[in-house]
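*Asks:* Enclosed is the structure file protein_25.txt (compact mmCIF, C-alpha atoms).
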# COMPACT_ATOMS: atom_id res chain seq x y z
CA MET A 27 0.00 0.00 0.00
CA ASN A 28 1.20 3.52 -0.85
CA ASN A 29 2.49 5.22 2.33
CA ASP A 30 0.67 8.43 1.33
CA VAL A 31 -2.71 6.68 1.30
CA LEU A 32 -4.62 6.81 4.60
CA ILE A 33 -7.75 4.93 3.51
CA ASP A 34 -8.39 2.82 0.42
CA ILE A 35 -11.96 1.71 -0.28
CA LYS A 36 -12.20 -1.12 -2.78
CA ASN A 37 -15.44 -2.22 -4.48
CA LEU A 38 -17.59 -1.42 -1.43
CA LYS A 39 -21.13 -2.85 -1.56
CA THR A 40 -23.68 -2.12 1.16
CA TYR A 41 -27.16 -3.55 0.62
CA PHE A 42 -30.40 -3.22 2.58
CA TYR A 43 -32.62 -6.30 2.68
CA MET A 44 -36.19 -4.99 2.78
CA ASP A 45 -39.58 -6.71 2.50
CA GLU A 46 -39.93 -5.15 -0.97
CA GLY A 47 -36.55 -6.45 -2.15
CA VAL A 48 -32.80 -5.75 -1.96
CA VAL A 49 -31.71 -2.10 -2.08
CA PRO A 50 -28.11 -1.71 -3.40
CA ALA A 51 -27.52 1.61 -1.59
CA VAL A 52 -23.77 1.44 -2.24
CA ASP A 53 -22.87 -0.77 -5.18
CA GLY A 54 -19.18 -1.10 -6.04
CA VAL A 55 -17.70 2.21 -4.85
CA SER A 56 -13.89 2.62 -4.83
CA PHE A 57 -11.71 5.60 -3.88
CA LYS A 58 -8.59 6.55 -1.91
CA ILE A 59 -7.84 9.44 0.43
CA ASN A 60 -4.23 10.52 0.95
CA LYS A 61 -2.88 11.76 4.26
CA GLY A 62 -3.71 15.42 4.84
CA LYS A 63 -5.92 15.61 1.73
CA THR A 64 -9.66 16.10 1.13
CA LEU A 65 -11.85 13.92 -1.07
CA GLY A 66 -15.22 15.37 -2.08
CA LEU A 67 -18.04 12.83 -2.44
CA VAL A 68 -20.74 14.50 -4.51
CA GLY A 69 -24.14 13.57 -5.93
CA GLU A 70 -27.89 14.06 -5.56
CA SER A 71 -29.78 13.10 -2.40
CA GLY A 72 -30.25 9.34 -2.18
CA CYS A 73 -27.19 8.43 -4.28
CA GLY A 74 -25.44 6.60 -1.41
CA LYS A 75 -23.03 9.23 -0.05
CA SER A 76 -24.08 8.99 3.61
CA VAL A 77 -24.36 5.19 3.48
CA THR A 78 -20.76 5.10 2.20
CA ALA A 79 -19.67 7.18 5.23
CA LEU A 80 -21.63 5.03 7.68
CA SER A 81 -20.16 1.91 6.08
CA ILE A 82 -16.62 3.18 6.81
CA LEU A 83 -17.55 3.47 10.49
CA LYS A 84 -19.61 0.24 10.39
CA LEU A 85 -22.69 2.11 11.64
CA ILE A 86 -25.07 0.50 9.15
CA PRO A 87 -28.24 -0.62 11.00
CA SER A 88 -28.29 -4.43 10.85
CA PRO A 89 -30.83 -5.68 10.04
CA PRO A 90 -31.72 -4.60 7.37
CA GLY A 91 -28.31 -3.29 6.17
CA ARG A 92 -25.12 -5.23 5.57
CA ILE A 93 -21.72 -4.74 3.91
CA VAL A 94 -21.86 -7.63 1.44
CA GLU A 95 -18.56 -7.11 -0.41
CA GLY A 96 -15.44 -4.97 -0.61
CA GLU A 97 -12.61 -3.77 1.59
CA ILE A 98 -12.06 -0.64 3.68
CA ILE A 99 -8.29 -0.54 4.17
CA PHE A 100 -7.43 1.99 6.88
CA GLU A 101 -3.72 2.22 7.72
CA GLY A 102 -3.19 -1.25 6.25
CA GLN A 103 -6.06 -2.94 8.13
CA ASP A 104 -9.46 -3.96 6.73
CA LEU A 105 -12.18 -2.32 8.82
CA VAL A 106 -14.80 -4.69 7.37
CA LYS A 107 -13.17 -7.53 9.34
CA LYS A 108 -12.97 -5.60 12.61
CA SER A 109 -15.11 -6.65 15.60
CA ALA A 110 -17.61 -4.31 17.30
CA ASP A 111 -15.18 -3.66 20.19
CA GLU A 112 -12.31 -2.90 17.80
CA MET A 113 -14.52 -0.43 15.87
CA CYS A 114 -15.53 1.30 19.13
CA ALA A 115 -11.84 2.02 19.75
CA ILE A 116 -11.47 3.48 16.23
CA ARG A 117 -14.68 5.57 16.09
CA GLY A 118 -14.20 9.05 17.52
CA ASN A 119 -10.51 8.35 17.99
CA ASP A 120 -8.84 7.58 14.62
CA ILE A 121 -11.94 8.26 12.49
CA ALA A 122 -14.49 10.90 13.50
CA MET A 123 -17.68 12.10 11.83
CA ILE A 124 -19.64 15.34 11.72
CA PHE A 125 -23.21 14.20 11.17
CA GLN A 126 -25.63 15.92 8.84
CA GLU A 127 -27.99 17.59 11.34
CA PRO A 128 -26.43 18.64 14.67
CA MET A 129 -29.80 19.10 16.44
CA THR A 130 -30.62 15.41 15.98
CA SER A 131 -27.04 14.24 16.59
CA LEU A 132 -26.60 16.00 19.94
CA ASN A 133 -28.35 14.58 23.01
CA PRO A 134 -30.96 17.14 24.17
CA VAL A 135 -30.75 16.16 27.88
CA TYR A 136 -26.98 16.67 28.32
CA THR A 137 -24.99 19.90 28.16
CA VAL A 138 -22.81 20.25 25.07
CA GLY A 139 -19.70 20.44 27.28
CA LYS A 140 -20.48 17.08 28.86
CA GLN A 141 -21.07 15.49 25.43
CA VAL A 142 -17.71 16.64 24.07
CA ALA A 143 -15.90 15.64 27.27
CA GLU A 144 -17.31 12.09 27.08
CA SER A 145 -15.13 11.03 24.14
CA LEU A 146 -12.04 12.49 25.87
CA LYS A 147 -12.74 10.36 28.96
CA ILE A 148 -13.31 7.20 26.89
CA HIS A 149 -10.49 7.47 24.34
CA ARG A 150 -7.92 9.64 26.11
CA HIS A 151 -8.67 8.41 29.67
CA LEU A 152 -8.75 11.97 31.04
CA THR A 153 -10.15 12.83 34.46
CA PRO A 154 -13.41 14.87 34.53
CA LYS A 155 -11.44 18.06 35.31
CA GLU A 156 -8.88 17.41 32.52
CA ALA A 157 -11.69 16.60 30.08
CA GLU A 158 -13.46 19.88 30.92
CA GLU A 159 -10.24 21.88 30.40
CA LYS A 160 -9.62 20.17 27.06
CA THR A 161 -13.26 20.79 26.01
CA LEU A 162 -12.83 24.47 26.82
CA GLU A 163 -9.68 24.49 24.69
CA LEU A 164 -11.59 22.84 21.80
CA PHE A 165 -14.44 25.37 22.05
CA ASN A 166 -11.85 28.14 21.75
CA LEU A 167 -10.26 26.35 18.80
CA VAL A 168 -13.52 26.13 16.83
CA GLY A 169 -14.41 29.76 17.55
CA ILE A 170 -17.31 29.42 19.99
CA PRO A 171 -17.78 32.82 21.71
CA ASP A 172 -17.78 32.89 25.54
CA PRO A 173 -16.77 29.19 25.62
CA LYS A 174 -16.81 28.80 29.43
CA ARG A 175 -20.49 29.72 29.61
CA ARG A 176 -21.34 27.59 26.56
CA LEU A 177 -20.01 24.45 28.28
CA ASN A 178 -23.17 24.39 30.40
CA ASN A 179 -25.60 25.12 27.55
CA TYR A 180 -27.99 22.52 26.17
CA PRO A 181 -28.23 22.02 22.37
CA HIS A 182 -31.56 23.91 22.09
CA GLN A 183 -29.91 27.00 23.62
CA LEU A 184 -27.45 27.31 20.71
CA SER A 185 -27.89 28.55 17.15
CA GLY A 186 -27.43 26.21 14.17
CA GLY A 187 -23.94 27.54 13.53
CA LEU A 188 -22.85 27.07 17.15
CA ARG A 189 -24.29 23.55 17.28
CA GLN A 190 -22.28 22.69 14.17
CA ARG A 191 -19.15 24.07 15.83
CA VAL A 192 -19.84 21.88 18.87
CA MET A 193 -20.10 18.87 16.52
CA ILE A 194 -16.75 19.81 14.96
CA ALA A 195 -15.19 20.18 18.45
CA MET A 196 -16.55 16.74 19.36
CA ALA A 197 -15.19 15.21 16.13
CA LEU A 198 -11.75 16.80 16.64
CA ALA A 199 -11.48 16.01 20.34
CA CYS A 200 -9.07 13.09 19.86
CA ASN A 201 -7.15 14.50 16.85
CA PRO A 202 -8.58 12.02 14.32
CA LYS A 203 -6.58 10.92 11.29
CA LEU A 204 -9.74 10.97 9.15
CA LEU A 205 -12.68 13.36 9.51
CA ILE A 206 -15.90 12.46 7.71
CA ALA A 207 -18.01 15.59 7.21
CA ASP A 208 -21.53 14.66 6.09
CA GLU A 209 -23.14 17.80 4.63
CA PRO A 210 -21.60 19.94 7.42
CA THR A 211 -23.08 23.17 6.04
CA THR A 212 -26.65 21.99 5.32
CA ALA A 213 -29.36 24.36 6.63
CA LEU A 214 -26.80 27.04 7.54
CA ASP A 215 -26.79 30.50 5.97
CA VAL A 216 -24.00 31.24 3.49
CA THR A 217 -21.95 33.34 5.96
CA ILE A 218 -21.88 30.54 8.54
CA GLN A 219 -21.24 27.99 5.75
CA ALA A 220 -18.10 29.87 4.73
CA GLN A 221 -16.93 30.07 8.36
CA ILE A 222 -17.43 26.32 8.94
CA LEU A 223 -15.59 25.36 5.72
CA ARG A 224 -12.73 27.73 6.55
CA LEU A 225 -12.54 26.30 10.06
CA ILE A 226 -12.34 22.67 8.81
CA LYS A 227 -9.61 23.67 6.34
CA GLN A 228 -7.58 25.48 9.01
CA LEU A 229 -7.85 22.60 11.48
CA GLN A 230 -6.96 20.11 8.75
CA GLU A 231 -3.73 21.97 8.00
CA LYS A 232 -2.95 22.29 11.71
CA ILE A 233 -3.11 18.54 12.54
CA ASN A 234 -2.51 17.08 9.00
CA MET A 235 -5.93 15.42 9.01
CA SER A 236 -7.57 13.78 6.00
CA VAL A 237 -11.17 14.75 5.22
CA LEU A 238 -14.03 13.00 3.42
CA MET A 239 -16.37 15.87 2.49
CA ILE A 240 -19.88 14.68 1.59
CA THR A 241 -22.10 17.20 -0.20
CA HIS A 242 -24.44 17.80 -3.12
CA ASP A 243 -23.02 21.31 -3.56
CA LEU A 244 -20.31 21.65 -6.21
CA GLY A 245 -19.45 25.08 -4.78
CA VAL A 246 -18.38 23.40 -1.51
CA ILE A 247 -16.42 20.80 -3.52
CA ALA A 248 -14.53 23.55 -5.39
CA GLU A 249 -13.74 25.30 -2.11
CA VAL A 250 -12.23 22.44 -0.10
CA SER A 251 -11.50 19.29 -2.16
CA ASP A 252 -8.28 17.94 -3.64
CA ASP A 253 -9.97 14.97 -5.35
CA VAL A 254 -13.60 14.28 -6.28
CA CYS A 255 -15.71 11.13 -6.54
CA VAL A 256 -19.09 11.64 -8.25
CA MET A 257 -21.84 9.19 -7.24
CA TYR A 258 -25.11 8.36 -8.95
CA ALA A 259 -27.77 5.81 -7.90
CA GLY A 260 -25.47 3.98 -5.49
CA THR A 261 -22.37 3.78 -7.66
CA ALA A 262 -19.36 5.96 -8.52
CA VAL A 263 -19.44 7.34 -12.09
CA GLU A 264 -16.38 9.66 -12.23
CA TYR A 265 -13.19 10.13 -10.23
CA ALA A 266 -10.50 12.78 -10.72
CA ASP A 267 -8.73 15.68 -9.05
CA VAL A 268 -10.86 18.77 -8.43
CA TYR A 269 -9.31 20.86 -11.24
CA THR A 270 -9.97 18.14 -13.84
CA ILE A 271 -13.56 17.67 -12.67
CA PHE A 272 -14.31 21.38 -13.19
CA ASP A 273 -12.17 21.89 -16.33
CA LYS A 274 -12.99 18.66 -18.16
CA PRO A 275 -15.99 16.81 -16.69
CA LEU A 276 -16.63 13.72 -18.82
CA HIS A 277 -19.61 11.79 -17.48
CA PRO A 278 -22.96 13.20 -18.72
CA TYR A 279 -24.17 13.30 -15.10
CA THR A 280 -21.14 15.32 -13.92
CA ILE A 281 -21.58 17.66 -16.90
CA GLY A 282 -25.26 18.06 -15.95
CA LEU A 283 -24.36 18.92 -12.35
CA TYR A 284 -21.78 21.45 -13.53
CA ASN A 285 -24.18 23.08 -16.02
CA SER A 286 -26.88 23.43 -13.35
CA ILE A 287 -24.68 25.81 -11.30
CA PRO A 288 -25.86 29.43 -11.74
CA LYS A 289 -23.21 31.53 -13.53
CA LEU A 290 -22.65 35.24 -12.85
CA SER A 291 -22.33 35.85 -16.60
CA GLN A 292 -25.60 34.03 -17.37
CA ASP A 293 -28.48 35.91 -18.98
CA GLU A 294 -31.00 36.61 -16.20
CA ASN A 295 -33.88 35.69 -18.53
CA LYS A 296 -32.37 32.31 -19.38
CA LYS A 297 -33.68 29.33 -17.45
CA LEU A 298 -31.29 27.33 -15.27
CA PHE A 299 -30.24 24.01 -16.76
CA ASN A 300 -31.74 20.94 -15.12
CA ILE A 301 -31.04 17.25 -15.69
CA PRO A 302 -34.23 15.72 -17.15
CA GLY A 303 -36.04 12.90 -15.38
CA VAL A 304 -35.57 11.64 -11.82
CA VAL A 305 -33.13 9.42 -9.93
CA PRO A 306 -34.20 5.78 -10.40
CA ASN A 307 -35.75 3.76 -7.59
CA LEU A 308 -32.94 1.53 -6.25
CA LEU A 309 -35.42 -1.35 -6.06
CA HIS A 310 -36.10 -1.04 -9.80
CA LEU A 311 -32.86 0.00 -11.45
CA PRO A 312 -32.79 0.19 -15.26
CA GLU A 313 -30.87 -2.40 -17.27
CA GLY A 314 -27.43 -1.26 -18.41
CA CYS A 315 -26.08 2.12 -17.36
CA ARG A 316 -28.09 3.58 -14.48
CA PHE A 317 -28.03 7.06 -15.98
CA TRP A 318 -29.16 6.26 -19.54
CA PRO A 319 -32.90 7.18 -19.03
CA ARG A 320 -31.76 10.76 -18.27
CA CYS A 321 -28.85 10.92 -20.72
CA GLY A 322 -28.98 12.74 -24.06
CA ASP A 323 -26.03 10.68 -25.36
CA ALA A 324 -27.49 7.22 -24.62
CA LYS A 325 -26.85 4.50 -27.23
CA ASP A 326 -28.17 0.94 -27.53
CA ILE A 327 -25.22 -0.47 -25.55
CA CYS A 328 -26.01 1.92 -22.66
CA ARG A 329 -29.46 0.32 -22.35
CA GLN A 330 -28.04 -3.20 -22.37
CA LYS A 331 -24.77 -3.27 -20.44
CA ASN A 332 -23.37 -1.40 -17.46
CA PRO A 333 -19.97 0.17 -18.32
CA GLU A 334 -16.79 -0.42 -16.33
CA PHE A 335 -14.48 2.41 -15.29
CA PHE A 336 -12.37 3.71 -18.18
CA GLU A 337 -9.19 5.73 -17.54
CA ALA A 338 -9.55 8.69 -19.89
CA GLU A 339 -6.16 10.02 -18.72
CA LYS A 340 -3.91 9.35 -15.75
CA GLY A 341 -5.94 9.70 -12.57
CA HIS A 342 -9.20 10.51 -14.39
CA ARG A 343 -11.63 7.59 -14.48
CA VAL A 344 -15.15 7.64 -15.92
CA LYS A 345 -17.87 5.01 -16.14
CA CYS A 346 -19.42 5.77 -19.54
CA TRP A 347 -19.62 3.93 -22.88
CA LYS A 348 -18.95 7.17 -24.73
CA TYR A 349 -15.25 6.92 -23.82
CA GLN A 350 -14.81 3.16 -24.35
CA LYS A 351 -13.04 1.99 -27.49
Could you quickly redo this structure as structure tokens?

*Replies:*
Amino acid sequence: MNNDVLIDIKNLKTYFYMDEGVVPAVDGVSFKINKGKTLGLVGESGCGKSVTALSILKLIPSPPGRIVEGEIIFEGQDLVKKSADEMCAIRGNDIAMIFQEPMTSLNPVYTVGKQVAESLKIHRHLTPKEAEEKTLELFNLVGIPDPKRRLNNYPHQLSGGLRQRVMIAMALACNPKLLIADEPTTALDVTIQAQILRLIKQLQEKINMSVLMITHDLGVIAEVSDDVCVMYAGTAVEYADVYTIFDKPLHPYTIGLYNSIPKLSQDENKKLFNIPGVVPNLLHLPEGCRFWPRCGDAKDICRQKNPEFFEAEKGHRVKCWKYQK
């Protein structure tokens, strides 16, 4: 394994076994994240981004969910083979996660200070006094105003932006090697969004942390990512560095996402571009390429056979028949 690679996900498949049938929520996703770098995982809601993140931490509810295939190689060890106790030692310590909605992720009956201090007691074996001092230090680090008073606040007493900062403090408490940020700026106004993204970037540089940034917003991807993996209907469709993705997007879905971004130079009377159709039901996926019902370039082979990844140029892989010889 390359010494620069922190985590290497190979052909990950996470399925949910429902009464209606099998849902392939994550179906053959592969990517790597280097030490100190950020990978952006982008796609529409329901494409499998969050399930990919939960699979890394083995937090898939079972039943009905299960990792059925693939490897999650973290520092040379396969997390898929780890026991529940071994994963408990890794979660919050080596790998931490900022969940999508802080109000539902924080416990409403405990103060935010106590919730952050808990992971320090468990993983760093600090005394209650030491844990409180470290929590105060973390609140200062993430820019929470009047941090001493905020230690005794309950989640409902904080604004959305402050709750998100508490979640970041909790995630960073044990200096994780990998931070998974699942839509960390959802439901926040643009000013707070910018502050949160800047904060994650600053902290990443400070402790040389790797980041998996999950979002549907290409603007966020452009701001923070080094590499990008584009997902559609449970599978990865394009993988490249961030400059290539914006300069030369190849997959029709990636091109559609890029074209749907409002441009400052755009005629105000011109309608915004939208990708036709809807994301397919994962219980009833189309034959062949999953995107062909919405694709203007679809050919007969697209309707019949699912393409494999094709390396258009070094480091730029795309899953589309258009680029196959």

*Asks:* Set the distance at 10 Å and use all atoms listed in the file: which residues neighbour stretch 46-54 of chain A once local chain neighbours fewer than 4 positions away are removed? I'd like the list as a VMD selection string.

*Replies:* chain A and resid 35 to 42 72 to 78 81 90 to 91 93 to 96 257 to 262 307 to 311

*Asks:* Calculate how many Å separate atom CA of A:Ser291 from atom CA of A:Pro278, rounding to one decimal.

*Replies:*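 Separating atom CA of A:Ser291 from atom CA of A:Pro278 is a distance of 22.8 Å.
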
*Asks:* Identify, on the basis of all atoms listed in the file, every residue whose closest approach to A:Lys61 does not exceed 7 Å; exclude the query and any residue fewer than 2 positions from it along the same chain; express the result as a list of chain:residue names.

*Replies:*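 Neighbouring residues, sequence-local ones excluded: A:Asp30, A:Val31, A:Leu32, A:Ile59, A:Lys63, A:Met235, A:Ser236.
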
*Asks:* Find, counting all atoms listed in the file, the residue in A:Gln230, A:Gln221, A:Thr211, A:Asn300 that gets nearest to A:Ile124.

*Replies:*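 Result for the nearest residue to A:Ile124: A:Thr211.
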
*Asks:* Can you tell me, as a PyMOL selection string, what residues are no more than 12 Å from A:Gln190 when counting only C-alpha atoms, ignoring any on the same chain fewer than 2 positions away?

*Replies:* chain A and resi 123-132+138+165+168-170+181+184-188+192-197+207-214+218-219+221-223+225-226

*Asks:* Could you produce a table of the residues of stretch 69-93 of chain A lying within 12 Å of stretch 106-117 of chain A, with the nearest pair of atoms per residue and their separation in Å rounded to one decimal, using only C-alpha atoms, ordered by chain and increasing residue number, as CSV?

*Replies:*
residue,atom,partner,partner_atom,distance
A:Leu80,CA,A:Arg117,CA,10.9
A:Ser81,CA,A:Val106,CA,8.6
A:Ile82,CA,A:Val106,CA,8.1
A:Leu83,CA,A:Arg117,CA,6.6
A:Lys84,CA,A:Met113,CA,7.5
A:Leu85,CA,A:Met113,CA,9.5
A:Ile86,CA,A:Val106,CA,11.6
A:Arg92,CA,A:Val106,CA,10.5
A:Ile93,CA,A:Val106,CA,7.7

*Asks:* For A:Glu313, which residue out of A:Cys328, A:Ile287, A:Ile301, A:Ala266 is the nearest one, using only C-alpha atoms?

*Replies:*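 Closest to A:Glu313, using only C-alpha atoms: A:Cys328.
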
*Asks:* Draw an axis-aligned box tight on the listed atoms of stretch 248-263 of chain A, then pad every side by 3 Å and write out centre and edge lengths in Å to one decimal as lines of an AutoDock Vina configuration file.

*Replies:*
center_x = -18.0
center_y = 14.5
center_z = -6.1
size_x = 25.5
size_y = 27.5
size_z = 18.0

*Asks:* Please list as a ChimeraX atom specification every residue within 6 Å of stretch 238-253 of chain A, counting only C-alpha atoms and excluding residues in the same chain fewer than 6 positions away.

*Replies:* /A:64-70,206-209,266-268

*Asks:* Can you work out the spacing between atom CA of A:Val263 and atom CA of A:Tyr43 in Å, to one decimal?

*Replies:*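 Atom CA of A:Tyr43 lies at a distance of 24.0 Å from atom CA of A:Val263.
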